[in-house]
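Please read the structure below before turning to the comments.
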Amino acid sequence: SASAEEVRSMKLWAREQAAGPAPHTAALIIAQTLNELGLDITVNAVPWPQMADQVWYKRLDEDTWDLTMWQMVSRPERSDPDEFTYNLFHSSTAEKGYNFIGYVSSAYDELAEKQRVTMDPDARKQIVDQAQQLLADDAANAYLVHPLLNFAYDNTQFKDGSAIEQAGLGIKNIWTYLNIEPINGNNDLVAQSLDEIQAINPFFISGGTDSWITEIVWDRLLRIGPNGTPQPWAAESFNWVNEQTIDVTLRSGMSWHDGQPVTTEDVIFSFEAPMDAEMVPMYSPFVKNIDSMEDMGNNVVRFNLKSSNAAFLTSTLAKINLVPKHYYGPIIDSLKGTGNNAETIIEEKRIGSGPFKFVDWRQREQVILEANSGHFNPPKINRWIMKEIPNVEAALGMFRKGEVNFLTDYKGDPAVLANIVEEDGDITLVKSVDVGFQYMAMNHRRAPFDDVNFRRAVSLAIDRDVMVNAAWAGNAVKAGSHISPALSFYHKDGITEFETGIDLAKKILEDAGYTVKNGRLHYPEGVSEKH
Amino acid sequence: MFDFWSIVRRFLYMLFVLWIVATIIFFMFRLMPGSPLTAFIGTTFTDEQHDLLVKRFGLDKSLFEQYTLFIVNTLKGDFGLSFTYNKPVINMIIEALPNSIILTLFSLVIAYIFGVIAGAYLAWKRATFIEGFSIPIVLTTRSAPEFWLGMIALAFFSFQLDIFPSGGTSAAGVIYETTLSKLTSLHFYYHLILPSLVLALYLQGLPLLLMRSNMLEVMQEDFVTMSKMKGLSSWRIVIYHAARNALLPVATAFTLGVGFAFGGNVVIETVFSWPGLGRLLVFAVSSSDYPLAQGAFIFLTAILILMNFLADLLYLFLDPRVSYKTKN
Amino acid sequence: MSTVLEFNNVSKYYDVSRNISEIFSGKKPKVRAVDDVSFKIQQGESVGIVGESGCGKTTLAKLILNLVNPTSGEILFEGKDISKIKDNDELIKYKRNLQFVFQNPYDSLNPRFTIKDILLEPLKALNFDPNKFETMITDVMNLVKLKNKDEYLYKYPHELSGGQLQRIVLARALIINPKFVVADEPVSMLDVSVRAGILNAFNQAKSSMNFTAIYISHDLALVKYVCERTIVMYLGSIVEDGPTHDVINNPLHPYTKALVKAVPVPHVNQSHDPLPILGNIPDATREYKGCKFADRCPKHNNECQGGEIKMGLVEAKPGHWVDRCSYNTS
Amino acid sequence: MIAEIYKIFKENNYATIGVCIYLFFILVAIFADLIATNDPLRINFSSSGLARNLPPSWEYFLGTTSNGRDIFSQLIYGSRNALAVGLSAALAVAILGTIVGLISGFYGGWIDNLIMRLADIALGLPFLPFVIVLAAFLGPSSWNVVIAIGLLLWPNAGRIIRSQVLTLRERGYIESAKVSGCSNFRIIFLHIAPNILPLSFLYGSIAIGWAILTEASVSFLGFGPSDVISWGYMLQDAYSSQALSLGAYIWFIPPGICIVLMVVAGFFISRGYEEILFPKIKK
Amino acid sequence: MLEIKNLSIHYVGKEFVAKAVENVSLKLNQGELLGIVGESGCGKTTLARSIMGVNPDSAKIASGQIYFNNNKILDADKKINDLDFKWKDIAFIPQSAMNSLDPVYRIIDQMREILVIRGGYTKNKADERSEELFNLVGIDKNRLRDFPHQFSGGMKQRVAIAMALALDPKIVIADEPVTALDVIVQRQILDLFNELKHKLNLSIILVTHDVSVVAYICQKVAVMYAGEIVEMGGVESILQEPYHPYTMGLNNAFPDLHSTNDFLVPINGSPPNLINPPTGCRFKARCPFEINKCNDKPDRYVNRDREAICWRTSDQKKLLEESKKLETWEIKE
Ligand SMILES: Nc1ncnc2c1ncn2[C@@H]1O[C@H](COP(=O)(O)OP(=O)(O)OP(=O)(O)O)[C@@H](O)[C@H]1O
Ligand SMILES: Nc1ncnc2c1ncn2[C@@H]1O[C@H](COP(=O)(O)OP(=O)(O)OP(=O)(O)O)[C@@H](O)[C@H]1O
Ligand SMILES: [Mg+2]
Ligand SMILES: [Mg+2]
C-alpha cells in the first residue's frame with residue numbers, strides 16, 4: 001500500500017576493532033544479516049567515550065541511537081544474579097541508570113524486586129527463571145553469546161593443574177594466586193593486562209584490572225568461592241540473626257602489612273567510610289543498605305540492615321575492602337573539606353591485610369606485589385607481577401617468550417592462542433564460560449523497536465551458531481539470557497534453545513504487517529516513526 | 001654576541017604561541033563528542049555518583065569559567081587531576097617524559113650519526129653505482145610507515161629470532177629505585193634497542209639526504225676548489241672544510257627533529273608498548289581525559305617550540321656569519 | 001627649458017637586520033641609502049649619476065619611478081608630488097611618461113614571455129590603442145637596431161644573446177615614447193664588445209625622441225659618452241654636480257678627484273701616483289656626524305667629524321655644484 | 001610549464017618511475033570495481049563457517065582477514081582512499097601555501113606579519129598528536145588527515161613560496177612590470193605565479209606522501225573510520241587481529257608495500273623535480 | 001719558467017662538448033706580469049685553473065702539457081702524481097675572494113692550515129708569518145682573528161693575496177682579482193700587485209676582461225677569443241699596433257675617460273658558442289675584414305715577441321686605420 005512508511009536507515013554502534021575483534025566482527029555480520037530483511041544498517045565503530053556518550057547520556061534525545069553492541073563483563077560479585085537482574089531492566093533505572101534500553105514492564109519490576117528480598121535460594125531461583133523467560137518473550141535484548149574466557153600459563157613454570165577455576169571467572173582469581181605452585185626454580189607469577197591500571201586504591205573502583213590488585217592486597221570479610229558462592233574469609237564465620245541482622249566474627253590473629261593487628265574497629269571503619277558518599281562515592285552504593293554496625297565484643301561485629309537483601313553477602317561483605325583505620329582514618333580526615341575525595345589518595349604505602357603486599361608500581365609498565373607470608377592463607381609464589389601491555393600482539397609475544405608466564409587478559413583471537421598452545425606444548429590453556437555476556441541492545445523508546453514483534457524478528461534473524469562459530473570462532477556459548485550457564489544454579493535451562501534464521505524473521509515481520517518494497521522494509525499500515 | 005633581553009623577548013613570544021595552542025586545544029576537547037564520564041558507567045553507577053563526578057571534574061561550570069580556571073592553573077604549573085587516574089597530570093607527565101626523551105634522543109642520535117656519515121659518503125661517491133642504489137633505498141625507508149617497520153621488526157627480531165624483548169622498558173619484576181637508576185641500567189637499554197633502531201631507520205633519511213646535498217653543494221664552493229689548489233689532501237678537504245660547512249643545516253635539522261620526532265613517536269610507542277608521552281596522549285584522548293590530554297599536548301607543544309627556539313640559538317652558535325657581527 | 005624632475009630634501013632609509021641577534025633584540029640598523037638629496041633636472045637633459053657600489057644610485061632611480069616611497073622629502077614630476085598620486089588614471093598618465101632600463105638584461109625580461117608579449121606589456125597595462133600596437137613595435141625595433149624584427153618577436157629571452165636582450169629592454173622602455181628615461185647601469189653586465197652598440201642606440205634614440213635621461217653608472221668613463229651633466233654620489237649624498245666635462249677634467253670634491261684618478265685607461269702611459277683618498281669602503285649602516293667623507297678625506301680635521309659641518313651643495317662655478325665642505329677647504 | 005614537466009620526465013629516471021607508480025595506482029583506483037574480485041567489506045562464508053584467515057587461493061588471491069574479508073580486494077580499493085587523501089592533501093597544501101605565500105610575500109607589511117605569526121602557531125603544533133586530537137574532535141574520517149595537513153603544513157610551503165616571491169619581487173622583470181604600469185593583480189598572477197607553480201607542485205607532491213603516511217598512522221592508532229577501506233585501516237586490522245602471531249605476512253606486508261610505493265613515488269617525483277628546480281645539486 | 005704547450009680543454013657534458021680552451025701555448029718568464037684579456041666565457045678561468053689542476057670533473061684535457069721549470073705539472077696523456085708545486089711554487093688568487101675563504105674558520109686558522117700543513121711551519125712561526133703577510137698587504141694584524149664575512153670585499157681580496165703569498169711562490173695566478181671591486185679599490189689592489197712584483201720578484205698571470213687594467217700594470221698580454229689566444233705580445237704594441245681585428249675592435253670599444261671621441265665603436269654580434277665553434281677563424285662572423293680564406297684555420301703569425309692568428313696580418317696597417325671608423329663595424333646585412 002502506498003502510505004506505508006519506510007523504516008529509516010540506522011546505525012549499529014560498536015566499538016572499534018582493537019577494543020575487541022569478535023564483537024566487532026559480530027556487528028559486521030549482524031548488519032549484513034539484518035540488511036537482508038530490507039533494513040539499511042551500517043556499523044558505526046567509535047571509541048568507547050563516544051559510543052557510551054550517545055547510548056547512555058543521550059538516550060532521551062530526539063536523534064539518538066537505534067542499535068548498539070554491548071557487553072557485560074565478569075566480576076566476582078556478579079556471581080549473584082541480583083545486580084544484572086535488577087539494575088539492567090528495572091524501570092527505575094530506565095531514565096538514568098543501567099536500563100539504557102528503556103525496557104519498562106511492571107510485571108518484570110515485580111519479579112526483580114521480589115528476587116532481591118527472597119532469601120531462600122530455591123524460591124529465588126524460581127523468580128529469577130521467570131524473569132529470564134519474561135525478558136526472552138519480550139525480546140528485551142538480542143543476547144548473543146557468553147564468551148569463553150581464555151587463560152593460559154606456562155606449565156614449565158607452574159605445576160600443571162595447580163590453577164583453580166572459579167565459576168564464570170576462569171582461573172584468573174585469588175584462589176589460583178594462592179594455590180598455584182611454582183616449579184623449576186620459578187618464584188614469580190607474571191600476569192598481564194591490556195588495560196592501563198588507573199589506581200590501586202581501596203576506596204576507588206576504577207578500571208577492571210585495578211580490582212584484580214585491590215582484591216588481593218586488601219582482604220574482605222567474605223570472598224566468592226570457586227563455586228560462585230560467598231564463603232568466610234577474614235570473617236571466621238557469619239550468622240544471620242534475622243533477615244535484617246547479621247553477626248560476623250573476625251578471624252583472630254590477622255595483622256596489617258605494617259604489622260599492626262586487624263581489629264573490629266578497623267572492620268567498622270572499613271564499612272563506615274564508604275557511607276560518606278562524597279568521600280567514597282564508588283563504594284557507597286554497596287553499603288547503602290547498612291543501617292548501623294555494632295561491636296559485639298569477641299571479634300564479633302553486627303550489621304543491622306535497612307531491608308532484607310539476598311545479595312548482601314556477595315555485594316557488600318564480599319565487596320568492601322578491609323582497611324586499617326590507623327592509616328586511612330587520618331588521610332580521610334585530612335581530605336574533608338578540600339573538595340577532593342578518597343579516590344584522589346596517592347599513597348606512599350598501600351596497607352592492607354591481604355595475601356599480597358604492595359611493592360612497586362611504575363605506571364603503564366608494571367605492578368609488583370610480594371607474598372604476605374604471615375597471612376592465614378599464604379600464597380606459594382613469592383611475587384605477583386603484572387605487566388601493563390596495551391596491545392594483545394605484544395602481550396602474546398611476551399607470553400611466548402616467557403616474559404609473561406600467566407596470560408591473564410587475552411582479548412585476542414582464540415584461534416591464535418590455540419595455535420600457539422599447540423606449537424609450544426608447554427602451555428596449559430584453560431577456557432571458562434564467562435559470567436558476562438555479549439549482546440546487541442535495541443532502543444525500546446523508538447519505533448520500530450517499541451514493537452516487540454520487530455525486536456523478536458531482529459533478534460531471531462541472527463543465527464547464534466554463526467555468532468559462536470564465526471564471530472567468536474567457536475570460543476563462546478550461545479546466550480539466551482543475562483544469567484550465564486556458568487552460574488548453573490540460576491541459569492534457566494533451555495533458555496538458549498530457540499529457532500533462528502532469516503526466514504523465520506521475515507515471517508514474523510510479515511505477520512506483524514511489515515512489508516518489503518524496492519528492497520526496503522516498510523512499517524505496517526498506519527504505523528509511523530514519530531508518535 | 002646576543003643579549004639577554006633578546007632571548008627573554010623571544011621566550012615570551014614562545015609563551016604566547018603556547019597560550020594560543022593551549023586555548024585551541026582546550027576548546028577542541030570541550031567541544032569534542034563523547035564524555036569523560038562514560039569511563040565510570042557501570043551497573044552500579046548511580047545518579048549521585050554522576051553528579052559528584054561532574055562537580056569534581058568542574059564540568060558543571062560554564063565553558064568560560066572552566067577556561068579561565070584552566071589558564072590560571074596552568075600558569076601556576078598545575079595541570080589539574082587526571083579524570084581517570086585521579087592523579088595530578090603533571091606527575092604522570094613527568095613519569096612518562098624521560099622515557100620519551102630517551103627514546104627520541106637515542107634514535108635521533110643514531111639516525112644523525114649514521115645519516116651524516118652515510119650522506120657525506122654518498123656525496124663523495126656521487127654518480128656511482130653505490131649512489132645509484134643507495135638513494136632509492138634511503139627514500140624507501142623514509143616512505144615506510146614507522147609502525148609497519150615496527151611490526152615487521154617485532155615479528156622478525158622478537159617473535160621469530162627472539163633476540164630482542166617485544167616491548168616495554170623492563171622485564172617483569174625488575175624494580176628501579178629511581179628514574180635515574182632506570183635510565184642508567186643496561187637492562188633498560190636492551191629494551192630500547194629495537195624501538196630506537198626502527199625509529200632511527202625512519203629518521204636517518206632526512207639527515208642523510210640533507211648532508212648529501214649540502215656536501216654536494218659545498219663541494220662546488222670556491223673555497224673547496226681553493227683548498228685543492230692549496231694542495232691539501234682530499235681527506236682534509238672533505239672533513240675539515242666540506243663536512244664542517246655542510247653540517248650547519250644538519251645540526252639545526254637535528255634540533256628541529258627532536259621536537260618533531262617527539263610528537264611522531266606516538267605510533268612507535270604504541271607498537272613497542274613504550275610508556276612515553278605519546279602513548280599517554282593517545283590514551284587520554286581516547287578516554288576523553290581532558291586534563292591529561294591537555295597536559296600531554298601542551299608539553300609536546302612546548303617541547304616542539306622550545307626545540308625550534310634552540311634550533312635558532314644553535315645556528316647562532318655554529319655559524320660565525322650570524323654570531324659575529326661585522327666590525328666597523 | 002622647464003624643470004621635469006625635482007628632488008627636495010629626499011631621503012630613503014632602509015631597515016636592515018643582518019643577523020639573528022639583531023632580530024631578537026629588535027635593533028633596527030638603518031641604511032641611509034639616499035640621504036637628504038635635492039636637485040633639479042630640466043627638460044631634455046641627460047644626467048649621469050656616478051658613485052661607488054652601494055652609494056644609493058639605484059635607490060635614487062627607484063624613488064623617481066615610485067617603486068619605493070621616500071622616507072622624507074618630496075619628489076616633483078612636472079611640478080606634481082608623485083607620492084600624492086592616488087587616482088588610477090593619473091597614475092597611468094604619470095607612468096606613460098616614465099620608463100626604466102634595467103641593469104641586468106637576463107633578469108629583467110620575463111623568461112616565460114615571448115619578446116612580443118614583453119613589448120606589449122606596457123602598452124596593455126597603460127591602455128594604449130590596440131590598433132597601433134603593430135606599428136609601435138616596428139618603430140621601436142628599428143630604433144634599437146633590431147631591424148629584422150620577425151626574427152626576434154616570437155622568441156623567448158633565453159634564445160637571445162645578452163646584447164640583443166638589452167636592446168629589447170631598451171625597446172620596451174622606449175615603446176611608449178616616454179618623456180623621461182632612467183637607465184641603471186644598462187651595460188655593466190655586457191661584454192665590452194657589445195656595450196658600445198647599446199650606448200650608441202641609446203644616444204640615437206635620445207636625440208630622435210628627445211627624452212630626458214638619467215644614466216646611472218659606477219663607471220665615469222661610460223657616463224662621459226652619454227651625459228652632459230654628472231652627479232657624483234657618496235654614501236647617499238650628492239657631493240658634486242656639474243657638467244660632465246668639468247667634473248672629469250676639473251673635479252672639485254676630493255672624492256671625485258680620486259674617482260677620476262682611479263679610472264684606468266687603455267693606454268700604456270698612465271699615472272701610477274697614489275690616490276688622494278684614505279681608508280676603505282664605508283659602512284652604510286653607520287651613523288655619521290658631520291661630513292660623511294671626513295675619514296677618507298686627505299684634508300680632514302677634527303671639525304669635520306664633530307657635527308659642525310653639514311653636507312650640502314654650493315655653486316662653485318656656474319652650473320657646477322660641490323659639497324660645501326670641500327668648497328670651503330679648497 | 002608543460003614543456004618543463006616533459007623535460008623533467010625525459011631527463012629524470014626518478015621522476016619517471018614515480019609517475020609510473022602513480023599512473024599504476026590511478027588506473028587501479030579507477031578500475032577497482034573491475035579488478036577487485038570481491039566486495040572489500042563483505043564478510044565471506046565458506047562451507048565450514050566464516051571464511052577467516054584463509055590462505056591465498058583462486059577465490060581470494062591474497063587470502064582473507066580474520067573477519068572473512070578479501071584482502072586482495074581491500075588492497076585494490078585501498079588505492080582509492082590513498083589517492084583521494086593524498087591528492088586532496090596535496091591540493092590543500094599547494095593551494096593554501098601558494099595563496100598565502102603570494103600574498104604574504106608580495107604585500108608584506110602587517111598581512112605578512114599576521115600570516116607569519118599564524119605560521120609560527122601552526123608550526124608549533126605537534127603534527128601527529130594534533131591529527132589525533134582533530135580526529136577525536138571531528139569524528140573518524142579520512143578527511144581529518146587532509147584538514148590537518150592543510151592546517152599544519154601550509155606554513156612550510158607558504159614560507160618557501162614567500163621567500164621565493166620576495167626574491168622574485170626584486171627580480172628585474174617584476175620591477176619592470178611595475179614600471180610598465182601593470183596592476184598588482186596582473187603582476188601576481190601573470191608574472192609571479194607561474195614561477196612559483198613548480199614550488200607549489202613540489203610541496204604538493206611532498207604532501208601526498210605525508211598525507212598517506214599520516215592517514216595510515218591515524219588509522220593504526222584506531223582514530224580512523226571503520227567503514228572505509230584504506231591501507232592504514234588494513235594494517236590496523238591486521239595488527240589488532242594478530243596477523244603477526246598468525247604469521248599472516250600476506251595480510252600485513254602488501255598494504256605496507258603499497259604505502260611505501262605510493263609515498264616513495266611522491267619522493268621520487270619531488271626529487272626529480274627538485275633537481276630541475278635547483279640544478280646546482282645535480283651538477 | 002711556466003710553459004703551456006698546445007693545451008686544449010673540453011667540457012664534456014651528456015649531449016655536448018664545449019671546447020673551452022683550444023690549442024693554447026704560452027710562456028711566462030721570471031718576474032714577468034702577463035695579462036690575459038678576453039670577454040666573458042672565452043676560457044680564461046678554465047685556462048688559469050688548469051694550471052692549478054683543479055678543473056671540474058667534466059673538464060677533459062684534450063691535448064697539451066704544462067711545465068713548470070721544465071717539470072711537467074699537467075699532461076693530457078697521463079696523470080701527474082707529484083703535486084707538491086701547488087701553492088709552494090704556484091699560488092692562485094680567485095675571482096671572488098668572497099667565496100674562496102671558508103666561512104666557518106677564522107682567517108688565522110686558514111693561514112695556519114697553509115703554513116703548517118703545506119709549509120711545515122710551527123704554529124708560532126706560522127702566526128708570525130701571518131702577521132708579516134698582513135702587514136705586507138696592508139691589513140691590521142689584529143684582524144687575523146676575524147671571520148671572513150667580517151671583511152669588506154677589497155679587504156678579502158687582500159686576504160686572498162696574503163694567502164697566495166704565504167709560501168713564497170714563484171708564480172701567482174690571479175683570476176679577475178679586481179672585477180667585482182669599485183674603481184678606487186681596484187686601483188689600490190693593482191698598485192699592491194705592482195709593489196709585490198717588484199719586492200718579491202714574482203711572476204704574475206693576471207686574468208681580466210678589462211683592457212685598461214692590462215694597460216695599467218702588465219708587460220705582456222695575451223688576447224683570448226672563443227678559447228684561443230688570438231694575439232700575444234708586449235702591452236704597448238698590442239694596444240697601439242694590434243694585428244688581429246678582434247684586438248682592434250676591443251681597443252675601440254673600450255671607453256676612455258680622457259679621449260676626445262664622443263662615440264664608441266662596437267663589435268657586431270656576440271661571441272660564438274663554444275659547443276659548435278665556427279671552423280676556420282673563430283672571429284670571422286663578426287669580423288669586418290673577413291675574406292674567403294677565413295674559413296680555413298689561419299696560420300700563426302709570429303714576429304719577434306708578437307704572435308697573432310689571422311690571415312690578414314700583412315694588411316695590418318690598412319686594417320688598423322679602417323677599424324677606427326664607425327662605419328667599418330656597422331652591421332653587415
Ligand atoms: N631593499 C633594501 N633593503 C635594505 N637595504 C637596501 C635595500 N636596497 C638597497 N639597500 C641598501 O641601500 C644602499 C644603497 O643601495 P643602492 O642599490 O641604491 O646602491 P647602488 O648605488 O645602486 O649600488 P650598486 O652600484 O651596487 O648597484 C646599499 O647599502 C644597499 O645595501
Ligand atoms: N663546468 C663547466 N661545464 C661546462 N661548460 C663550462 C663549465 N665551466 C665553464 N664552461 C664553459 O666554458 C667556457 C669557458 O669558461 P670560463 O669560465 O673559462 O670563461 P671565462 O673566460 O673565465 O669567463 P668569465 O669572464 O665569465 O669568467 C664558457 O663557454 C663556459 O660556458
Ligand atoms: Mg645599483
Ligand atoms: Mg672567469
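Letters A, B, ... mark the chains of the C-alpha cells in the order given; residue numbers begin at 1 per chain; ligand numbers begin at 1, in order shown.
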Distance-based interface of chain A with chain B, 8 Å, counting only C-alpha atoms, as a ChimeraX atom specification: /A:47-54,56,83-84,87-88,96-98,190,198-199,206,277-278,281-282,285,339-340,343-344,346,360,363-366,368,385-387,389-391,394,397-398,401,403-404
Shell of 9 Å around region 184-198 of chain D, only C-alpha atoms, local chain residues under 6 positions omitted, as an mmCIF file with C-alpha atoms, in the first residue's frame:
data_model
loop_
_atom_site.group_PDB
_atom_site.id
_atom_site.type_symbol
_atom_site.label_atom_id
_atom_site.label_comp_id
_atom_site.auth_asym_id
_atom_site.auth_seq_id
_atom_site.Cartn_x
_atom_site.Cartn_y
_atom_site.Cartn_z
ATOM 1 C CA ASN C 110 60.143 37.540 -18.020
ATOM 2 C CA ARG C 112 58.060 32.865 -19.862
ATOM 3 C CA ALA C 125 48.976 47.950 -18.932
ATOM 4 C CA MET D 1 55.139 24.766 -17.936
ATOM 5 C CA ALA D 94 49.598 23.626 -2.670
ATOM 6 C CA THR D 98 50.630 29.298 -2.747
ATOM 7 C CA LEU D 102 51.974 35.018 -2.722
ATOM 8 C CA ILE D 103 50.016 37.420 -0.568
ATOM 9 C CA PHE D 106 54.042 40.354 -2.328
ATOM 10 C CA ILE D 161 56.996 30.369 -1.622
ATOM 11 C CA GLN D 164 60.688 32.931 -3.442
ATOM 12 C CA VAL D 165 58.181 35.700 -4.039
ATOM 13 C CA LEU D 168 61.103 37.369 -7.455
ATOM 14 C CA ARG D 169 59.728 40.699 -6.382
ATOM 15 C CA TYR D 173 61.269 41.747 -14.792
ATOM 16 C CA ILE D 174 58.854 42.165 -11.919
ATOM 17 C CA ALA D 177 56.372 45.109 -14.979
ATOM 18 C CA LYS D 178 55.702 47.610 -12.223
ATOM 19 C CA TYR D 273 61.569 17.995 -9.629
ATOM 20 C CA LEU D 277 64.374 23.430 -9.811
#
Ligand 1 neighbours within 6 Å using only C-alpha atoms and all ligand atoms, as a list of chain:residue names: C:Tyr14, C:Asp15, C:Val16, C:Val31, C:Ala33, C:Glu52, C:Ser53, C:Gly54, C:Cys55, C:Gly56, C:Lys57, C:Thr58, C:Thr59, C:Ala284
Could you turn the residues from that selection into a file that holds N, CA, C and O atoms, as a PDB file, in the first residue's frame?
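So the final result, stored in selection22.pdb, reads:
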ATOM      1  N   TYR C  14      66.534  52.419   4.632  1.00  0.00           N
ATOM      2  CA  TYR C  14      66.064  51.032   4.720  1.00  0.00           C
ATOM      3  C   TYR C  14      66.359  50.513   6.115  1.00  0.00           C
ATOM      4  O   TYR C  14      67.421  50.775   6.663  1.00  0.00           O
ATOM      5  N   ASP C  15      65.396  49.735   6.630  1.00  0.00           N
ATOM      6  CA  ASP C  15      65.694  48.994   7.867  1.00  0.00           C
ATOM      7  C   ASP C  15      66.364  47.705   7.463  1.00  0.00           C
ATOM      8  O   ASP C  15      65.876  47.004   6.600  1.00  0.00           O
ATOM      9  N   VAL C  16      67.450  47.405   8.087  1.00  0.00           N
ATOM     10  CA  VAL C  16      68.074  46.116   7.792  1.00  0.00           C
ATOM     11  C   VAL C  16      68.405  45.391   9.087  1.00  0.00           C
ATOM     12  O   VAL C  16      68.810  45.993  10.073  1.00  0.00           O
ATOM     13  N   VAL C  31      69.924  51.754   6.874  1.00  0.00           N
ATOM     14  CA  VAL C  31      70.836  52.134   5.811  1.00  0.00           C
ATOM     15  C   VAL C  31      70.297  53.428   5.226  1.00  0.00           C
ATOM     16  O   VAL C  31      69.154  53.477   4.775  1.00  0.00           O
ATOM     17  N   ALA C  33      70.221  55.013   2.425  1.00  0.00           N
ATOM     18  CA  ALA C  33      70.544  54.772   1.026  1.00  0.00           C
ATOM     19  C   ALA C  33      70.540  56.082   0.247  1.00  0.00           C
ATOM     20  O   ALA C  33      71.390  56.317  -0.599  1.00  0.00           O
ATOM     21  N   GLU C  52      80.361  54.930  -5.984  1.00  0.00           N
ATOM     22  CA  GLU C  52      80.753  53.540  -5.795  1.00  0.00           C
ATOM     23  C   GLU C  52      79.550  52.695  -5.422  1.00  0.00           C
ATOM     24  O   GLU C  52      78.464  53.210  -5.146  1.00  0.00           O
ATOM     25  N   SER C  53      79.773  51.417  -5.430  1.00  0.00           N
ATOM     26  CA  SER C  53      78.709  50.467  -5.162  1.00  0.00           C
ATOM     27  C   SER C  53      78.068  50.750  -3.800  1.00  0.00           C
ATOM     28  O   SER C  53      78.754  50.979  -2.817  1.00  0.00           O
ATOM     29  N   GLY C  54      76.765  50.759  -3.775  1.00  0.00           N
ATOM     30  CA  GLY C  54      76.054  50.941  -2.513  1.00  0.00           C
ATOM     31  C   GLY C  54      75.859  52.375  -2.107  1.00  0.00           C
ATOM     32  O   GLY C  54      75.371  52.656  -1.016  1.00  0.00           O
ATOM     33  N   CYS C  55      76.207  53.319  -2.971  1.00  0.00           N
ATOM     34  CA  CYS C  55      76.074  54.708  -2.557  1.00  0.00           C
ATOM     35  C   CYS C  55      74.657  55.229  -2.746  1.00  0.00           C
ATOM     36  O   CYS C  55      74.359  56.372  -2.404  1.00  0.00           O
ATOM     37  N   GLY C  56      73.784  54.443  -3.295  1.00  0.00           N
ATOM     38  CA  GLY C  56      72.389  54.859  -3.367  1.00  0.00           C
ATOM     39  C   GLY C  56      71.883  55.212  -4.738  1.00  0.00           C
ATOM     40  O   GLY C  56      70.795  55.773  -4.880  1.00  0.00           O
ATOM     41  N   LYS C  57      72.613  54.851  -5.764  1.00  0.00           N
ATOM     42  CA  LYS C  57      72.216  55.228  -7.120  1.00  0.00           C
ATOM     43  C   LYS C  57      70.903  54.570  -7.515  1.00  0.00           C
ATOM     44  O   LYS C  57      69.965  55.217  -7.986  1.00  0.00           O
ATOM     45  N   THR C  58      70.842  53.254  -7.309  1.00  0.00           N
ATOM     46  CA  THR C  58      69.638  52.533  -7.707  1.00  0.00           C
ATOM     47  C   THR C  58      68.437  52.991  -6.893  1.00  0.00           C
ATOM     48  O   THR C  58      67.323  53.125  -7.406  1.00  0.00           O
ATOM     49  N   THR C  59      68.678  53.237  -5.626  1.00  0.00           N
ATOM     50  CA  THR C  59      67.591  53.701  -4.780  1.00  0.00           C
ATOM     51  C   THR C  59      67.034  55.028  -5.309  1.00  0.00           C
ATOM     52  O   THR C  59      65.828  55.246  -5.354  1.00  0.00           O
ATOM     53  N   ALA C 284      77.560  51.342   5.328  1.00  0.00           N
ATOM     54  CA  ALA C 284      76.365  52.142   5.068  1.00  0.00           C
ATOM     55  C   ALA C 284      75.450  52.258   6.281  1.00  0.00           C
ATOM     56  O   ALA C 284      74.622  53.156   6.351  1.00  0.00           O
TER      57      ALA C 284
END
Contact set, chain E to chain D: 12 Å, only C-alpha atoms, as a list in words: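 Matching residues, ligands excluded from the count: Gly13, Lys14, Glu15, Pro56, Asp57 and Ser58 of chain E.
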At most 7 Å from ligand 4 (only C-alpha atoms and all ligand atoms): residue list as a PyMOL selection string: chain E and resi 40-41+44-45+175-176
Create the file for the chosen residues now, containing all heavy atoms and written as a compact mmCIF listing (two decimals), in the first residue's frame.
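This is the output file again-v5.txt:
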# COMPACT_ATOMS: atom_id res chain seq x y z
N SER E 40 83.81 37.60 -21.58
CA SER E 40 83.21 36.57 -20.74
C SER E 40 83.05 35.26 -21.51
O SER E 40 82.62 35.26 -22.66
CB SER E 40 81.86 37.09 -20.28
OG SER E 40 81.16 36.08 -19.67
N GLY E 41 83.43 34.18 -20.90
CA GLY E 41 83.20 32.86 -21.49
C GLY E 41 84.22 32.43 -22.51
O GLY E 41 84.06 31.41 -23.15
N LYS E 44 89.11 31.96 -20.06
CA LYS E 44 90.21 32.46 -19.23
C LYS E 44 90.34 31.67 -17.93
O LYS E 44 91.41 31.20 -17.56
CB LYS E 44 90.00 33.95 -18.90
CG LYS E 44 89.77 34.83 -20.11
CD LYS E 44 89.60 36.28 -19.72
CE LYS E 44 88.40 36.56 -18.84
NZ LYS E 44 87.11 36.49 -19.52
N THR E 45 89.20 31.53 -17.25
CA THR E 45 89.23 30.84 -15.97
C THR E 45 89.63 29.39 -16.16
O THR E 45 90.43 28.85 -15.39
CB THR E 45 87.85 30.94 -15.30
OG1 THR E 45 87.56 32.30 -15.10
CG2 THR E 45 87.84 30.22 -13.97
N ASP E 175 92.92 35.41 -11.05
CA ASP E 175 91.79 35.33 -11.97
C ASP E 175 90.84 36.47 -11.68
O ASP E 175 90.14 36.46 -10.68
CB ASP E 175 91.09 33.98 -11.81
CG ASP E 175 89.98 33.81 -12.83
OD1 ASP E 175 89.87 34.62 -13.75
OD2 ASP E 175 89.20 32.85 -12.67
N GLU E 176 90.82 37.46 -12.53
CA GLU E 176 89.96 38.63 -12.37
C GLU E 176 89.95 39.12 -10.92
O GLU E 176 88.91 39.16 -10.28
CB GLU E 176 88.52 38.29 -12.79
CG GLU E 176 88.48 37.59 -14.12
CD GLU E 176 87.45 38.14 -15.06
OE1 GLU E 176 87.07 39.31 -14.88
OE2 GLU E 176 87.04 37.41 -15.96
Expected answer as a ChimeraX atom specification: chain A residues within 8 Å of chain D, only C-alpha atoms: /A:16-18,21,25,28-29,32,43-46,391-393,396-397,412-413,416,466,469-471
Distance-based interface of chain D with chain C, 6 Å, counting only C-alpha atoms, as a ChimeraX atom specification: /D:172-173,180-182
Within-9 Å residues of ligand 2, basis only C-alpha atoms and all ligand atoms, as a ChimeraX atom specification: /C:191 /D:283 /E:9-13,16-21,37-49,55-59,95,175-176,207-209,224-227,272-275
Picked from region 34-209 of chain E by DSSP as helix (DSSP H, G or I), as JSON, numbers by chain: {"E": [44, 45, 46, 47, 48, 49, 50, 51, 52, 97, 98, 99, 100, 107, 108, 109, 110, 111, 112, 113, 114, 115, 116, 117, 118, 123, 124, 125, 126, 127, 128, 129, 130, 131, 132, 133, 134, 135, 136, 137, 141, 142, 143, 144, 145, 148, 149, 150, 153, 154, 155, 156, 157, 158, 159, 160, 161, 162, 163, 164, 165, 183, 184, 185, 186, 187, 188, 189, 190, 191, 192, 193, 194, 195, 196, 197, 198, 199, 200]}
Option closest in space to chain B, from E:Met111, E:Leu239, E:Cys281, E:Leu181 [counting only C-alpha atoms]: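 Of all the options, E:Met111 lies closest to chain B.
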